[in-house]
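Only one structure is covered here, and it is reproduced in the block below.
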Amino acid sequence: MENIFNNTEVAFALKSDTELDRAYFLFKMIASQPLVRIGTAVTNFALKAHLPVEGLIRATVFDHFCGGTTEDDCLPVVDKMYTKRVASVLDYSVEAKEDEADFDKALNKILEIINFANGKSAMPFAVFKPTGFGRFALYEKLTAGETLTDIEAKEWSKVRERFDKVCSAAYENDVVLLIDAEESWMQGAADDLVTEMMQKYNKQKPVVFNTLQMYRWDRMDYLKKLHKQAEKEGFFIGMKIVRGAYMEKENKRAEEKGYKSPICESKQATDDNYDTAVDYMMDHLDKMSIFAGTHNEESSYKLMAIMEQKNISKEDSRVWFGQLYGMSDNISFNLSENGYNVAKYLPFGPVRDVMPYLIRRAEENTSVAGQTNRELNLISAERKRRKL
C-alpha cells in the first residue's frame with residue numbers, strides 16, 4: 001500500500017510557521033526525560049503556589065495539546081480541523097474527584113457536551129471515563145466479586161443512573177458515546193455497566209461504545225463472549241480499540257499482589273493482539289462498529305488494507321480512525337485527505353485542572369519508544385520543506 005503518512009505538507013497544513021516552531025520546541029523538551037521531570041516539578045510547584053504561570057502554560061503546552069478552556073473556546077479549533085474533514089471528540093480532561101457532588105458535576109458537563117455536539121457533523125462523538133461518575137473503590141469492589149453494603153449499593157445505583165442519563169442523551173441527540181477503559185482491577189464492573197447500556201441503547205445501531213485495551217491478553221476472549229451475547233439478545237457492539245495506557249501501574253500491582261499480570265508479555269504480543277481484535281471486528285461489521293484509536297502507522301495501514309480487501313467504503317460510518325490532538329497529525333490528516341473517517345480527541349478544561357492530563361501526556365511521550373523522535377523528524381522535514 002502506498003506510503004501516505006510521510007506527506008508533511010498535508011499533515012501540517014493547518015499549522016502556521018510559528019505553531020510549527022512551537023511544536024518542534026515542545027517535542028524537543030519532551031524528548032528529554034530529565035527535562036520532563038524538572039518541568040513537571042516546576043509547573044506543579046508554580047500552580048500550587050498560585051504563581052502567574054497560566055498564561056505561559058496556555059501559550060505553549062496547553063494550546064498544542066488542548067482545544068481550549070470551554071466548549072465554545074474549542075470551536076475555532078473544531079471548525080479549523082473540520083475544513084480538512086477531521087472531526088473532534090470533545091474530551092473534558094479534568095481528573096476525577098471522589099464525592100457525589102463532583103460526580104454529578106461531571107455528569108452535567110458530559111450532558112452539556114452532548115447537547116453542544118448535537119447536529120454538528122464536526123463533533124459526532126462524546127466521551128467520558130467511568131470513574132468520572134463513581135468512586136474507583138466501588139468499581140474495584142464489584143470487579144473483585146465482593147458484596148456491597150446497603151450504603152454502597154445505593155451509591156452504585158446512582159452510578160448506574162448517571163450512565164443511563166448520559167447514554168439516553170446520546171441516543172436522543174444521535175451522538176456516539178465513547179466510554180474509556182481504566183485499570184483492570186476496576187474494569188470488570190465498568191464493562192458490565194457498559195454492556196447493560198449497549199443492551200438498552202444499541203438496538204438499532206451502535207450508540208454506546210466500550211473501550212478494549214489490547215495490551216491485556218484477556219480482551220479477545222471478552223470481545224468474543226460479548227459478540228455471542230449481542231447476537232443472542234439482538235444488540236449492536238461499538239468498540240474503541242486501543243493498546244492501553246496503564247502498563248507500568250498494572251505490572252507493578254500484579255507483582256506486589258502476586259497475581260499474573262494482565263499485560264501481554266511483549267510489545268509484539270500487544271501489537272498482534274491489537275491486530276487480531278481489528279481483524280475480528282472487521283469480519284463482523286454486520287454487528288459491530290470500530291473506532292481504531294492508534295498512533296501506530298502499521299496498524300493504520302493494516303486496517304486500510306482490510307477495508308480495501310473487503311470492499312468497504314472509506315466513508316463507511318462503522319469504521320473510524322482516532323488520534324489525540326497535538327500528536328500524529330501525519331496519520332490523522334493524511335487519512336482524512338485520502339477519504340477515511342478520522343476524529344481527534346480534543347481535550348479541554350480550565351488550564352489548572354487539565355495540567356495532570358498534560359503532564360501524563362508528556363510522560364507517556366517520553367516513555368513510548370520512537371514516538372517523540374518520529375514527531376520531531378516529521379516537524380523537521382516540514383520546516384525544511386517550507387524553507388525550500
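Here, A, B, ... name the chains of the C-alpha cells in the order displayed, residue numbers run from 1 inside each chain, and ligands are numbered from 1 in the same displayed order.
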
Using only C-alpha atoms, what does the table of range 111-174 of chain A residues within 9 Å of range 181-187 of chain A look like, with each row giving the shortest atom pair and its distance in Å to one decimal, sorted by chain and ascending number, as JSON lines?
{"residue": "A:Lys129", "atom": "CA", "partner": "A:Ala181", "partner_atom": "CA", "distance": 7.0}
{"residue": "A:Pro130", "atom": "CA", "partner": "A:Ala181", "partner_atom": "CA", "distance": 7.6}
{"residue": "A:Thr131", "atom": "CA", "partner": "A:Glu182", "partner_atom": "CA", "distance": 8.3}
{"residue": "A:Phe136", "atom": "CA", "partner": "A:Met186", "partner_atom": "CA", "distance": 6.9}
{"residue": "A:Ala137", "atom": "CA", "partner": "A:Met186", "partner_atom": "CA", "distance": 7.8}
{"residue": "A:Leu138", "atom": "CA", "partner": "A:Met186", "partner_atom": "CA", "distance": 8.2}
{"residue": "A:Tyr139", "atom": "CA", "partner": "A:Met186", "partner_atom": "CA", "distance": 4.9}
{"residue": "A:Glu140", "atom": "CA", "partner": "A:Met186", "partner_atom": "CA", "distance": 4.2}
{"residue": "A:Lys141", "atom": "CA", "partner": "A:Met186", "partner_atom": "CA", "distance": 7.7}
{"residue": "A:Leu142", "atom": "CA", "partner": "A:Met186", "partner_atom": "CA", "distance": 7.7}
{"residue": "A:Thr143", "atom": "CA", "partner": "A:Met186", "partner_atom": "CA", "distance": 5.6}
{"residue": "A:Ala144", "atom": "CA", "partner": "A:Trp185", "partner_atom": "CA", "distance": 7.4}

Fill in: Those of range 122-331 of chain A in DSSP strand (DSSP E or B), formatted as a ChimeraX atom specification
/A:125-128,176-179,208-213,216,237-242,263,288-293,319-324

Practice prompt. Mind the document's chain letters and residue numbers, and return as number ranges by chain the residues of range 57-302 of chain A that DSSP labels alpha helix (DSSP H).
Written response: A: 57, 63-65, 71-82, 100-117, 136-143, 150-173, 184-201, 219-233, 247-257, 267-283, 297-302

Item to complete: Tell me which protein, DNA and RNA residues are within 9 Å of Met198 in chain A, counting only C-alpha atoms, leaving out same-chain ones fewer than 3 positions away, and put them as number ranges by chain.
Response: A: 167, 193-195, 201-203, 206-210, 230, 235-238

Using only N, CA and C atoms, please write the residues we just selected to a file, as a short mmCIF file (atom, residue, chain, number, x, y, z; two decimals), in the first residue's frame.
data_model
loop_
_atom_site.label_atom_id
_atom_site.label_comp_id
_atom_site.auth_asym_id
_atom_site.auth_seq_id
_atom_site.Cartn_x
_atom_site.Cartn_y
_atom_site.Cartn_z
N CYS A 167 -26.20 8.02 28.45
CA CYS A 167 -26.43 7.16 27.28
C CYS A 167 -27.76 7.51 26.63
N LEU A 193 -21.52 -2.61 33.25
CA LEU A 193 -22.41 -1.45 33.15
C LEU A 193 -22.55 -0.99 31.70
N VAL A 194 -21.44 -0.98 30.97
CA VAL A 194 -21.47 -0.56 29.56
C VAL A 194 -22.29 -1.56 28.74
N THR A 195 -22.12 -2.85 29.03
CA THR A 195 -22.91 -3.88 28.32
C THR A 195 -24.40 -3.65 28.54
N TYR A 201 -29.51 0.68 24.52
CA TYR A 201 -29.45 1.78 23.54
C TYR A 201 -28.87 1.41 22.18
N ASN A 202 -28.33 0.19 22.05
CA ASN A 202 -27.72 -0.20 20.77
C ASN A 202 -28.60 -1.16 19.97
N LYS A 203 -29.91 -1.03 20.10
CA LYS A 203 -30.83 -1.95 19.41
C LYS A 203 -30.85 -1.73 17.89
N PRO A 206 -24.91 0.98 16.81
CA PRO A 206 -24.06 1.25 17.97
C PRO A 206 -24.07 2.73 18.34
N VAL A 207 -24.58 3.04 19.51
CA VAL A 207 -24.56 4.39 20.07
C VAL A 207 -23.54 4.44 21.20
N VAL A 208 -23.58 3.39 22.04
CA VAL A 208 -22.67 3.28 23.19
C VAL A 208 -21.48 2.40 22.81
N PHE A 209 -20.28 2.94 23.00
CA PHE A 209 -19.03 2.22 22.70
C PHE A 209 -18.26 1.95 24.00
N ASN A 210 -17.78 0.73 24.17
CA ASN A 210 -16.83 0.45 25.25
C ASN A 210 -15.42 0.60 24.68
N ALA A 230 -24.43 -10.46 22.15
CA ALA A 230 -25.10 -9.47 21.29
C ALA A 230 -25.94 -10.16 20.22
N PHE A 235 -28.43 -6.89 20.00
CA PHE A 235 -27.94 -5.51 20.09
C PHE A 235 -26.61 -5.40 19.35
N PHE A 236 -26.24 -4.16 19.02
CA PHE A 236 -25.00 -3.90 18.29
C PHE A 236 -23.86 -3.59 19.26
N ILE A 237 -22.64 -3.86 18.81
CA ILE A 237 -21.45 -3.59 19.62
C ILE A 237 -20.68 -2.43 19.01
N GLY A 238 -20.34 -1.45 19.85
CA GLY A 238 -19.43 -0.39 19.46
C GLY A 238 -18.17 -0.53 20.30
#

Fill in: Å distance separating CA of Leu177 in chain A from CA of Leu358 in chain A, one decimal place
23.1 Å

Worksheet entry | Distance query Val242 in chain A at most 8 Å, only C-alpha atoms, self and fewer than 4 positions along chain excluded, as number ranges by chain | A: 211-214, 274, 292-294

Worksheet item: So how many Å separate CA of Asn341 in chain A and CA of Ile179 in chain A, to one decimal?
Response: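 A separation of 19.2 Å between them.
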
For range 257-374 of chain A against range 51-54 of chain A, with a cut-off of 10 Å and counting only C-alpha atoms, what is the closest atom pair and its distance in Å to one decimal for every residue that makes the cut, ordered by chain and number, as a Markdown table?
| residue | atom | partner | partner_atom | distance |
| --- | --- | --- | --- | --- |
| A:Pro350 | CA | A:Glu54 | CA | 9.7 |
| A:Val351 | CA | A:Glu54 | CA | 6.6 |
| A:Arg352 | CA | A:Glu54 | CA | 7.3 |

Could you write those residues out with C-alpha atoms, as a CSV table (one decimal), in the first residue's frame?
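Listed below is the output, again.csv:
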chain,number,residue,atom,x,y,z
A,350,PRO,CA,-9.5,25.1,32.9
A,351,VAL,CA,-5.7,25.3,32.5
A,352,ARG,CA,-5.0,24.4,36.1

Worksheet item: What separation in Å, quoted to one decimal, exists between CA of Met123 in chain A and CA of Gly55 in chain A?
Response: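 That distance, rounded to one decimal, is 27.7 Å.
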
Worksheet entry | Residue contacts of Lys302 in chain A (10 Å, only C-alpha atoms) excluding same-chain residues fewer than 4 positions away, as JSON, numbers by chain | {"A": [1, 275, 278, 279, 297, 298, 306, 307, 308]}

Could you take the residues named above and write them with C-alpha atoms, as a compact mmCIF listing (two decimals), in the first residue's frame?
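Saved as again_4.txt:
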# COMPACT_ATOMS: atom_id res chain seq x y z
CA MET A 1 0.00 0.00 0.00
CA ASP A 275 -4.42 -6.53 15.03
CA VAL A 278 -9.32 -5.28 14.48
CA ASP A 279 -9.48 -8.34 12.16
CA GLU A 297 1.26 3.72 11.29
CA GLU A 298 1.47 -0.02 10.63
CA ILE A 306 -8.65 -4.79 5.24
CA MET A 307 -11.15 -2.17 4.11
CA GLU A 308 -9.79 -2.40 0.58

Discussion item. Let me make sure I understand: among A:Lys80, A:Glu315, A:Ser289, A:Glu375, which one has the smallest atom-to-atom distance to Asn330 in chain A if we use only C-alpha atoms?
Written reply: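 Counting only C-alpha atoms, the residue closest to Asn330 in chain A is A:Glu375.
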
Practice prompt. Using only C-alpha atoms, determine which residues lie at most 8 Å from range 335-337 of chain A, disregarding the query and same-chain residues fewer than 4 positions distant; provide the list as a ChimeraX atom specification.
Written response: /A:4,10,84-86,331,341-342

Worksheet entry | Minimum-distance residue to Ala122 in chain A, chosen among A:Gly370, A:Pro76, A:Gly145, A:Pro347 (using only C-alpha atoms) | A:Pro76

Practice prompt. Between A:Asn115, A:Asn311, A:Ser328, A:Asn296, single out the one closest to Phe65 in chain A, counting only C-alpha atoms.
Written response: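 Of all the options, A:Ser328 lies closest to Phe65 in chain A.
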
Worksheet item: Can you list, as a ChimeraX atom specification, every protein, DNA or RNA residue that comes within 10 Å of Val61 in chain A when you count only C-alpha atoms, leaving out same-chain residues fewer than 3 positions away?
Response: /A:22-23,25-27,56-58,64-66,326,355,358-359,362

Fill in: Among listed residues A:Ala106, A:Val127, A:Ala41, A:Val176, nearest Lys205 in chain A (using only C-alpha atoms)
A:Val176
